[in-house]
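Asks: Structure file upload_2.pdb, PDB, C-alpha atoms, is pasted below:
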```
ATOM      1  CA  MET A  20     -16.047 -25.775 -23.121  1.00  0.00           C
ATOM      2  CA  LEU A  21     -12.993 -26.487 -25.253  1.00  0.00           C
ATOM      3  CA  ILE A  22      -9.969 -24.199 -24.930  1.00  0.00           C
ATOM      4  CA  ALA A  23      -6.787 -24.308 -27.034  1.00  0.00           C
ATOM      5  CA  THR A  24      -3.625 -22.797 -25.539  1.00  0.00           C
ATOM      6  CA  ASN A  25      -0.108 -22.666 -26.926  1.00  0.00           C
ATOM      7  CA  GLY A  26       3.249 -22.208 -25.251  1.00  0.00           C
ATOM      8  CA  ARG A  27       3.248 -18.503 -26.015  1.00  0.00           C
ATOM      9  CA  GLY A  28       0.102 -17.977 -23.933  1.00  0.00           C
ATOM     10  CA  HIS A  29      -2.280 -17.561 -26.870  1.00  0.00           C
ATOM     11  CA  ALA A  30      -5.673 -19.050 -25.933  1.00  0.00           C
ATOM     12  CA  VAL A  31      -8.708 -19.689 -28.135  1.00  0.00           C
ATOM     13  CA  LYS A  32     -12.112 -20.611 -26.713  1.00  0.00           C
ATOM     14  CA  ARG A  33     -14.081 -23.116 -28.802  1.00  0.00           C
ATOM     15  CA  PRO A  34     -11.383 -23.338 -31.519  1.00  0.00           C
ATOM     16  CA  SER A  35     -12.415 -24.351 -35.029  1.00  0.00           C
ATOM     17  CA  LYS A  36     -10.732 -27.160 -36.956  1.00  0.00           C
ATOM     18  CA  PRO A  37      -8.763 -24.635 -39.045  1.00  0.00           C
ATOM     19  CA  ALA A  38      -7.645 -22.792 -35.881  1.00  0.00           C
ATOM     20  CA  ILE A  39      -6.383 -26.043 -34.345  1.00  0.00           C
ATOM     21  CA  GLY A  40      -4.559 -26.906 -37.569  1.00  0.00           C
ATOM     22  CA  THR A  41      -2.940 -23.471 -37.698  1.00  0.00           C
ATOM     23  CA  MET A  42      -1.865 -23.617 -34.052  1.00  0.00           C
ATOM     24  CA  LEU A  43      -0.296 -27.041 -34.662  1.00  0.00           C
ATOM     25  CA  ALA A  44       1.439 -25.930 -37.866  1.00  0.00           C
ATOM     26  CA  ASN A  45       2.892 -22.893 -36.081  1.00  0.00           C
ATOM     27  CA  LEU A  46       4.630 -24.904 -33.355  1.00  0.00           C
ATOM     28  CA  ARG A  47       8.367 -24.284 -33.245  1.00  0.00           C
ATOM     29  CA  ARG A  48      10.889 -26.960 -32.381  1.00  0.00           C
ATOM     30  CA  GLY A  49      11.898 -27.225 -28.752  1.00  0.00           C
ATOM     31  CA  ASN A  50       9.523 -26.886 -25.870  1.00  0.00           C
ATOM     32  CA  GLU A  51       6.730 -25.337 -27.907  1.00  0.00           C
ATOM     33  CA  TYR A  52       3.359 -26.962 -27.172  1.00  0.00           C
ATOM     34  CA  LEU A  53      -0.354 -26.918 -27.854  1.00  0.00           C
ATOM     35  CA  ILE A  54      -2.973 -28.011 -25.315  1.00  0.00           C
ATOM     36  CA  LEU A  55      -6.631 -28.694 -26.017  1.00  0.00           C
ATOM     37  CA  GLU A  56      -8.573 -28.854 -22.768  1.00  0.00           C
ATOM     38  CA  ARG A  57     -12.166 -29.741 -22.022  1.00  0.00           C
ATOM     39  CA  GLN A  58     -13.460 -27.687 -19.128  1.00  0.00           C
ATOM     40  CA  ASP A  59     -16.579 -29.280 -17.676  1.00  0.00           C
ATOM     41  CA  GLU A  60     -17.629 -28.348 -14.168  1.00  0.00           C
ATOM     42  CA  GLU A  61     -19.819 -31.455 -13.903  1.00  0.00           C
ATOM     43  CA  ARG A  62     -16.922 -33.891 -14.381  1.00  0.00           C
ATOM     44  CA  GLU A  63     -14.035 -34.223 -11.990  1.00  0.00           C
ATOM     45  CA  GLY A  64     -10.414 -34.352 -13.129  1.00  0.00           C
ATOM     46  CA  ASP A  65      -8.488 -33.002 -16.072  1.00  0.00           C
ATOM     47  CA  ARG A  66      -9.329 -33.914 -19.644  1.00  0.00           C
ATOM     48  CA  TYR A  67      -6.877 -32.695 -22.230  1.00  0.00           C
ATOM     49  CA  ILE A  68      -4.681 -33.595 -25.143  1.00  0.00           C
ATOM     50  CA  GLN A  69      -1.348 -31.884 -25.704  1.00  0.00           C
ATOM     51  CA  VAL A  70       1.450 -31.969 -28.218  1.00  0.00           C
ATOM     52  CA  TRP A  71       5.055 -30.791 -28.170  1.00  0.00           C
ATOM     53  CA  PHE A  72       7.199 -30.368 -31.265  1.00  0.00           C
ATOM     54  CA  ARG A  73      10.584 -31.642 -30.088  1.00  0.00           C
ATOM     55  CA  ASP A  74      14.088 -30.672 -31.233  1.00  0.00           C
ATOM     56  CA  ASN A  75      14.453 -33.983 -33.105  1.00  0.00           C
ATOM     57  CA  ASN A  76      11.443 -33.172 -35.371  1.00  0.00           C
ATOM     58  CA  THR A  77       9.105 -35.563 -33.541  1.00  0.00           C
ATOM     59  CA  TYR A  78       5.742 -34.777 -32.046  1.00  0.00           C
ATOM     60  CA  GLN A  79       5.195 -35.938 -28.482  1.00  0.00           C
ATOM     61  CA  LEU A  80       1.467 -36.430 -28.023  1.00  0.00           C
ATOM     62  CA  GLU A  81      -0.141 -36.944 -24.606  1.00  0.00           C
ATOM     63  CA  TYR A  82      -3.637 -37.119 -23.224  1.00  0.00           C
ATOM     64  CA  ARG A  83      -5.205 -37.347 -19.788  1.00  0.00           C
ATOM     65  CA  ASP A  84      -8.632 -38.791 -19.159  1.00  0.00           C
ATOM     66  CA  GLY A  85      -9.658 -37.433 -15.784  1.00  0.00           C
ATOM     67  CA  VAL A  86      -7.132 -38.697 -13.266  1.00  0.00           C
ATOM     68  CA  PRO A  87      -3.315 -38.795 -13.239  1.00  0.00           C
ATOM     69  CA  ALA A  88      -3.317 -42.606 -13.566  1.00  0.00           C
ATOM     70  CA  GLU A  89      -5.008 -42.187 -16.977  1.00  0.00           C
ATOM     71  CA  HIS A  90      -2.222 -40.179 -18.626  1.00  0.00           C
ATOM     72  CA  TYR A  91      -0.802 -41.583 -21.877  1.00  0.00           C
ATOM     73  CA  GLN A  92       2.008 -40.634 -24.254  1.00  0.00           C
ATOM     74  CA  THR A  93       3.188 -41.477 -27.758  1.00  0.00           C
ATOM     75  CA  GLN A  94       5.502 -40.020 -30.407  1.00  0.00           C
ATOM     76  CA  THR A  95       5.315 -39.626 -34.158  1.00  0.00           C
ATOM     77  CA  VAL A  96       7.021 -37.712 -36.947  1.00  0.00           C
ATOM     78  CA  SER A  97       3.705 -37.129 -38.740  1.00  0.00           C
ATOM     79  CA  GLN A  98       2.068 -33.754 -38.233  1.00  0.00           C
ATOM     80  CA  ASP A  99      -0.947 -35.057 -40.171  1.00  0.00           C
ATOM     81  CA  LYS A 100      -1.431 -37.977 -37.745  1.00  0.00           C
ATOM     82  CA  VAL A 101      -1.205 -35.551 -34.822  1.00  0.00           C
ATOM     83  CA  LEU A 102      -3.794 -33.259 -36.393  1.00  0.00           C
ATOM     84  CA  GLN A 103      -6.153 -36.179 -37.019  1.00  0.00           C
ATOM     85  CA  ALA A 104      -5.738 -37.307 -33.384  1.00  0.00           C
ATOM     86  CA  LEU A 105      -6.389 -33.788 -32.080  1.00  0.00           C
ATOM     87  CA  LEU A 106      -9.498 -33.364 -34.229  1.00  0.00           C
ATOM     88  CA  GLY A 107     -10.737 -36.860 -33.357  1.00  0.00           C
ATOM     89  CA  TRP A 108     -10.308 -36.127 -29.650  1.00  0.00           C
ATOM     90  CA  VAL A 109     -12.147 -32.803 -30.011  1.00  0.00           C
ATOM     91  CA  ALA A 110     -15.014 -34.553 -31.839  1.00  0.00           C
ATOM     92  CA  ASP A 111     -15.004 -37.316 -29.185  1.00  0.00           C
ATOM     93  CA  LYS A 112     -14.623 -39.994 -31.851  1.00  0.00           C
ATOM     94  CA  PRO A 113     -14.202 -43.430 -30.252  1.00  0.00           C
ATOM     95  CA  ALA A 114     -11.187 -44.521 -32.328  1.00  0.00           C
ATOM     96  CA  TRP A 115      -9.121 -41.316 -32.295  1.00  0.00           C
ATOM     97  CA  GLN A 116      -6.199 -43.067 -30.491  1.00  0.00           C
ATOM     98  CA  GLU A 117      -5.760 -45.745 -33.163  1.00  0.00           C
ATOM     99  CA  GLY A 118      -2.591 -45.698 -35.221  1.00  0.00           C
ATOM    100  CA  PHE A 119      -0.343 -44.967 -32.235  1.00  0.00           C
ATOM    101  CA  MET A 120       1.410 -47.069 -29.607  1.00  0.00           C
ATOM    102  CA  TRP A 121       0.379 -45.408 -26.334  1.00  0.00           C
ATOM    103  CA  ASN A 122       2.348 -45.733 -23.098  1.00  0.00           C
ATOM    104  CA  ASN A 123       0.680 -45.124 -19.752  1.00  0.00           C
ATOM    105  CA  ILE A 124       2.837 -42.570 -17.930  1.00  0.00           C
ATOM    106  CA  GLY A 125       0.410 -42.022 -15.046  1.00  0.00           C
ATOM    107  CA  HIS A 126       3.028 -43.138 -12.534  1.00  0.00           C
ATOM    108  CA  MET A 127       4.937 -39.927 -13.298  1.00  0.00           C
ATOM    109  CA  PHE A 128       2.054 -37.894 -11.909  1.00  0.00           C
ATOM    110  CA  ALA A 129       1.188 -39.959  -8.835  1.00  0.00           C
ATOM    111  CA  PRO A 130       1.439 -38.081  -5.546  1.00  0.00           C
ATOM    112  CA  ALA A 131       4.370 -38.961  -3.287  1.00  0.00           C
ATOM    113  CA  PRO A 132       3.374 -41.270  -0.438  1.00  0.00           C
ATOM    114  CA  GLU A 133       2.873 -39.474   2.862  1.00  0.00           C
ATOM    115  CA  GLY A 134       5.287 -40.370   5.632  1.00  0.00           C
ATOM    116  CA  GLY A 135       6.850 -43.122   3.523  1.00  0.00           C
ATOM    117  CA  ASP A 136      10.480 -44.014   3.342  1.00  0.00           C
ATOM    118  CA  ASP A 137      11.972 -40.553   3.109  1.00  0.00           C
ATOM    119  CA  PRO A 138      15.758 -40.897   2.875  1.00  0.00           C
ATOM    120  CA  THR A 139      16.164 -37.259   3.954  1.00  0.00           C
ATOM    121  CA  ALA A 140      14.213 -37.691   7.209  1.00  0.00           C
TER     122      ALA A 140
END
```
Please lay out the structure from this file as structure tokens.
Replies:
Amino acid sequence: MLIATNGRGHAVKRPSKPAIGTMLANLRRGNEYLILERQDEEREGDRYIQVWFRDNNTYQLEYRDGVPAEHYQTQTVSQDKVLQALLGWVADKPAWQEGFMWNNIGHMFAPAPEGGDDPTA
């Protein structure tokens, strides 16, 4: 099931294209965000796409494809490009990521090594 949630806690189950567009258009600058999440009990890991509308009028777009190592990020000033990416992701279109330069940021979500070199130990 697809769920859309914004930074104000408003959640919509199975959101329509117009609902997604409205939620995106209503983002306020700062730490306001929109997350579209696929909840599938048969598949492990998290599958979502999220967008923040930053103070500098850019959209920070990220997606995760199951595991933390598959977490990517890009930025754009185009709300239309973000909307097309969101709708393409929802429709599971194979080329929805095109038109962006994606950076793998999975290392930011990797668990800390156990018993490694802990400078505080």
Asks: Could you build a table of the residues in range 57-98 of chain A lying no more than 9 Å from range 27-44 of chain A, giving for each the nearest pair of atoms and their separation in Å rounded to one decimal place, using all atoms listed in the file, ordered by chain and ascending residue number, as a Markdown table?
Replies:
```
| residue | atom | partner | partner_atom | distance |
| --- | --- | --- | --- | --- |
| A:Val70 | CA | A:Leu43 | CA | 8.3 |
| A:Phe72 | CA | A:Leu43 | CA | 8.9 |
| A:Gln98 | CA | A:Ala44 | CA | 7.9 |
```
Asks: Counting all atoms listed in the file, which residue out of A:His126, A:His90, A:Lys100, A:Arg73 sits closest to Leu46 in chain A?
Replies: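 Checking each of A:His126, A:His90, A:Lys100, A:Arg73 against Leu46 in chain A, counting all atoms listed in the file, the winner is A:Arg73.
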Asks: Determine the nearest neighbour of Ala88 in chain A from the options A:Asp65, A:Gln116, A:Asp59, A:Gly26, counting only C-alpha atoms.
Replies: A:Asp65
Asks: Given the file shown, determine the residues that the PyMOL selection byres ((chain A and resi 91) around 12) selects; report them as a PDB file with C-alpha atoms, keeping the file's coordinate frame.
Replies:
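The new file result.pdb reads:
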```
ATOM      1  CA  ARG A  66      -9.329 -33.914 -19.644  1.00  0.00           C
ATOM      2  CA  TYR A  67      -6.877 -32.695 -22.230  1.00  0.00           C
ATOM      3  CA  ILE A  68      -4.681 -33.595 -25.143  1.00  0.00           C
ATOM      4  CA  GLN A  69      -1.348 -31.884 -25.704  1.00  0.00           C
ATOM      5  CA  VAL A  70       1.450 -31.969 -28.218  1.00  0.00           C
ATOM      6  CA  GLN A  79       5.195 -35.938 -28.482  1.00  0.00           C
ATOM      7  CA  LEU A  80       1.467 -36.430 -28.023  1.00  0.00           C
ATOM      8  CA  GLU A  81      -0.141 -36.944 -24.606  1.00  0.00           C
ATOM      9  CA  TYR A  82      -3.637 -37.119 -23.224  1.00  0.00           C
ATOM     10  CA  ARG A  83      -5.205 -37.347 -19.788  1.00  0.00           C
ATOM     11  CA  ASP A  84      -8.632 -38.791 -19.159  1.00  0.00           C
ATOM     12  CA  GLY A  85      -9.658 -37.433 -15.784  1.00  0.00           C
ATOM     13  CA  VAL A  86      -7.132 -38.697 -13.266  1.00  0.00           C
ATOM     14  CA  PRO A  87      -3.315 -38.795 -13.239  1.00  0.00           C
ATOM     15  CA  ALA A  88      -3.317 -42.606 -13.566  1.00  0.00           C
ATOM     16  CA  GLU A  89      -5.008 -42.187 -16.977  1.00  0.00           C
ATOM     17  CA  HIS A  90      -2.222 -40.179 -18.626  1.00  0.00           C
ATOM     18  CA  GLN A  92       2.008 -40.634 -24.254  1.00  0.00           C
ATOM     19  CA  THR A  93       3.188 -41.477 -27.758  1.00  0.00           C
ATOM     20  CA  GLN A  94       5.502 -40.020 -30.407  1.00  0.00           C
ATOM     21  CA  GLN A 116      -6.199 -43.067 -30.491  1.00  0.00           C
ATOM     22  CA  PHE A 119      -0.343 -44.967 -32.235  1.00  0.00           C
ATOM     23  CA  MET A 120       1.410 -47.069 -29.607  1.00  0.00           C
ATOM     24  CA  TRP A 121       0.379 -45.408 -26.334  1.00  0.00           C
ATOM     25  CA  ASN A 122       2.348 -45.733 -23.098  1.00  0.00           C
ATOM     26  CA  ASN A 123       0.680 -45.124 -19.752  1.00  0.00           C
ATOM     27  CA  ILE A 124       2.837 -42.570 -17.930  1.00  0.00           C
ATOM     28  CA  GLY A 125       0.410 -42.022 -15.046  1.00  0.00           C
ATOM     29  CA  HIS A 126       3.028 -43.138 -12.534  1.00  0.00           C
ATOM     30  CA  MET A 127       4.937 -39.927 -13.298  1.00  0.00           C
ATOM     31  CA  PHE A 128       2.054 -37.894 -11.909  1.00  0.00           C
TER      32      PHE A 128
END
```
Asks: How far is it from CA of Val96 in chain A to CA of Gln58 in chain A, in Å with one decimal?
Replies: 28.9 Å
Asks: For range 77-125 of chain A of the block above, can you save N, CA and C atoms as a CSV table (one decimal), in the first residue's frame?
Replies:
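Below you can see out08.csv, which holds the result:
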```csv
chain,number,residue,atom,x,y,z
A,77,THR,N,15.3,25.3,-3.0
A,77,THR,CA,15.6,24.1,-3.7
A,77,THR,C,14.8,22.9,-3.1
A,78,TYR,N,14.6,21.9,-3.9
A,78,TYR,CA,14.0,20.7,-3.5
A,78,TYR,C,15.1,19.6,-3.3
A,79,GLN,N,15.1,19.0,-2.2
A,79,GLN,CA,16.1,17.9,-1.9
A,79,GLN,C,15.2,16.7,-2.0
A,80,LEU,N,15.5,15.9,-3.0
A,80,LEU,CA,14.8,14.6,-3.3
A,80,LEU,C,15.7,13.4,-2.9
A,81,GLU,N,15.1,12.5,-2.2
A,81,GLU,CA,15.8,11.3,-1.8
A,81,GLU,C,14.9,10.1,-2.1
A,82,TYR,N,15.5,8.9,-2.3
A,82,TYR,CA,14.8,7.7,-2.3
A,82,TYR,C,15.6,6.6,-1.7
A,83,ARG,N,14.9,5.6,-1.2
A,83,ARG,CA,15.6,4.4,-0.6
A,83,ARG,C,14.9,3.2,-1.3
A,84,ASP,N,15.8,2.2,-1.7
A,84,ASP,CA,15.3,1.0,-2.4
A,84,ASP,C,15.6,-0.2,-1.6
A,85,GLY,N,15.0,-0.3,-0.4
A,85,GLY,CA,15.1,-1.5,0.4
A,85,GLY,C,16.1,-1.4,1.6
A,86,VAL,N,17.3,-1.2,1.3
A,86,VAL,CA,18.3,-1.2,2.3
A,86,VAL,C,19.0,0.1,2.4
A,87,PRO,N,19.6,0.4,3.6
A,87,PRO,CA,20.3,1.7,3.7
A,87,PRO,C,21.4,2.0,2.7
A,88,ALA,N,22.1,1.0,2.2
A,88,ALA,CA,23.1,1.2,1.2
A,88,ALA,C,22.5,1.7,-0.1
A,89,GLU,N,21.2,1.5,-0.3
A,89,GLU,CA,20.6,2.0,-1.6
A,89,GLU,C,19.7,3.2,-1.3
A,90,HIS,N,20.4,4.2,-0.8
A,90,HIS,CA,19.7,5.5,-0.4
A,90,HIS,C,20.4,6.6,-1.3
A,91,TYR,N,19.6,7.3,-2.1
A,91,TYR,CA,20.2,8.3,-3.0
A,91,TYR,C,19.5,9.6,-2.8
A,92,GLN,N,20.3,10.7,-3.2
A,92,GLN,CA,19.8,12.1,-3.0
A,92,GLN,C,20.2,12.9,-4.2
A,93,THR,N,19.4,13.9,-4.5
A,93,THR,CA,19.6,14.9,-5.5
A,93,THR,C,18.9,16.2,-5.1
A,94,GLN,N,19.2,17.3,-5.9
A,94,GLN,CA,18.6,18.5,-5.6
A,94,GLN,C,18.2,19.2,-6.9
A,95,THR,N,17.1,20.0,-6.9
A,95,THR,CA,16.6,20.7,-8.1
A,95,THR,C,15.9,21.9,-7.6
A,96,VAL,N,15.7,22.9,-8.5
A,96,VAL,CA,14.9,24.0,-8.2
A,96,VAL,C,13.5,23.9,-8.8
A,97,SER,N,13.3,22.8,-9.6
A,97,SER,CA,12.1,22.6,-10.3
A,97,SER,C,11.0,21.7,-9.6
A,98,GLN,N,9.9,22.4,-9.2
A,98,GLN,CA,8.9,21.6,-8.5
A,98,GLN,C,8.2,20.7,-9.5
A,99,ASP,N,8.2,21.1,-10.8
A,99,ASP,CA,7.6,20.2,-11.8
A,99,ASP,C,8.4,18.9,-12.0
A,100,LYS,N,9.7,19.0,-12.0
A,100,LYS,CA,10.6,17.8,-12.1
A,100,LYS,C,10.4,16.9,-10.9
A,101,VAL,N,10.3,17.5,-9.7
A,101,VAL,CA,10.0,16.7,-8.5
A,101,VAL,C,8.7,16.0,-8.6
A,102,LEU,N,7.7,16.7,-9.0
A,102,LEU,CA,6.4,16.1,-9.2
A,102,LEU,C,6.4,14.9,-10.2
A,103,GLN,N,7.1,15.1,-11.3
A,103,GLN,CA,7.2,14.0,-12.3
A,103,GLN,C,8.0,12.8,-11.7
A,104,ALA,N,9.0,13.1,-10.9
A,104,ALA,CA,9.7,12.0,-10.3
A,104,ALA,C,8.9,11.3,-9.3
A,105,LEU,N,8.1,12.0,-8.5
A,105,LEU,CA,7.2,11.4,-7.5
A,105,LEU,C,6.2,10.5,-8.2
A,106,LEU,N,5.6,11.0,-9.2
A,106,LEU,CA,4.5,10.3,-9.9
A,106,LEU,C,5.1,9.1,-10.6
A,107,GLY,N,6.3,9.3,-11.2
A,107,GLY,CA,7.0,8.1,-11.9
A,107,GLY,C,7.3,7.0,-10.9
A,108,TRP,N,7.8,7.4,-9.7
A,108,TRP,CA,8.1,6.4,-8.7
A,108,TRP,C,6.9,5.7,-8.3
A,109,VAL,N,5.8,6.4,-8.0
A,109,VAL,CA,4.5,5.8,-7.6
A,109,VAL,C,4.0,4.8,-8.7
A,110,ALA,N,4.2,5.2,-9.9
A,110,ALA,CA,3.7,4.3,-11.0
A,110,ALA,C,4.7,3.2,-11.4
A,111,ASP,N,5.9,3.2,-10.7
A,111,ASP,CA,6.9,2.2,-10.9
A,111,ASP,C,7.4,2.2,-12.3
A,112,LYS,N,7.5,3.5,-12.9
A,112,LYS,CA,8.1,3.6,-14.2
A,112,LYS,C,9.6,3.4,-14.2
A,113,PRO,N,10.2,2.7,-15.1
A,113,PRO,CA,11.6,2.3,-15.0
A,113,PRO,C,12.5,3.5,-15.2
A,114,ALA,N,12.1,4.6,-15.8
A,114,ALA,CA,13.1,5.7,-16.0
A,114,ALA,C,12.7,7.0,-15.2
A,115,TRP,N,12.0,6.8,-14.0
A,115,TRP,CA,11.6,7.9,-13.3
A,115,TRP,C,12.8,8.7,-12.7
A,116,GLN,N,14.0,8.1,-12.5
A,116,GLN,CA,15.1,8.8,-12.0
A,116,GLN,C,15.9,9.7,-13.0
A,117,GLU,N,15.6,9.5,-14.3
A,117,GLU,CA,16.3,10.3,-15.3
A,117,GLU,C,16.1,11.8,-15.2
A,118,GLY,N,17.1,12.5,-15.6
A,118,GLY,CA,17.0,14.0,-15.5
A,118,GLY,C,17.6,14.6,-14.2
A,119,PHE,N,18.1,13.7,-13.4
A,119,PHE,CA,18.8,14.1,-12.1
A,119,PHE,C,20.1,13.5,-12.0
A,120,MET,N,21.0,14.1,-11.3
A,120,MET,CA,22.3,13.5,-10.9
A,120,MET,C,22.2,13.0,-9.5
A,121,TRP,N,22.1,11.7,-9.3
A,121,TRP,CA,21.9,11.1,-8.0
A,121,TRP,C,23.2,10.8,-7.3
A,122,ASN,N,23.2,11.0,-6.0
A,122,ASN,CA,24.4,10.7,-5.2
A,122,ASN,C,24.0,9.6,-4.2
A,123,ASN,N,24.8,8.5,-4.1
A,123,ASN,CA,24.5,7.5,-3.1
A,123,ASN,C,24.9,8.0,-1.8
A,124,ILE,N,24.0,8.1,-0.9
A,124,ILE,CA,24.3,8.6,0.5
A,124,ILE,C,24.1,7.5,1.5
A,125,GLY,N,24.1,6.3,1.1
A,125,GLY,CA,23.9,5.1,1.9
A,125,GLY,C,24.8,5.0,3.1
```
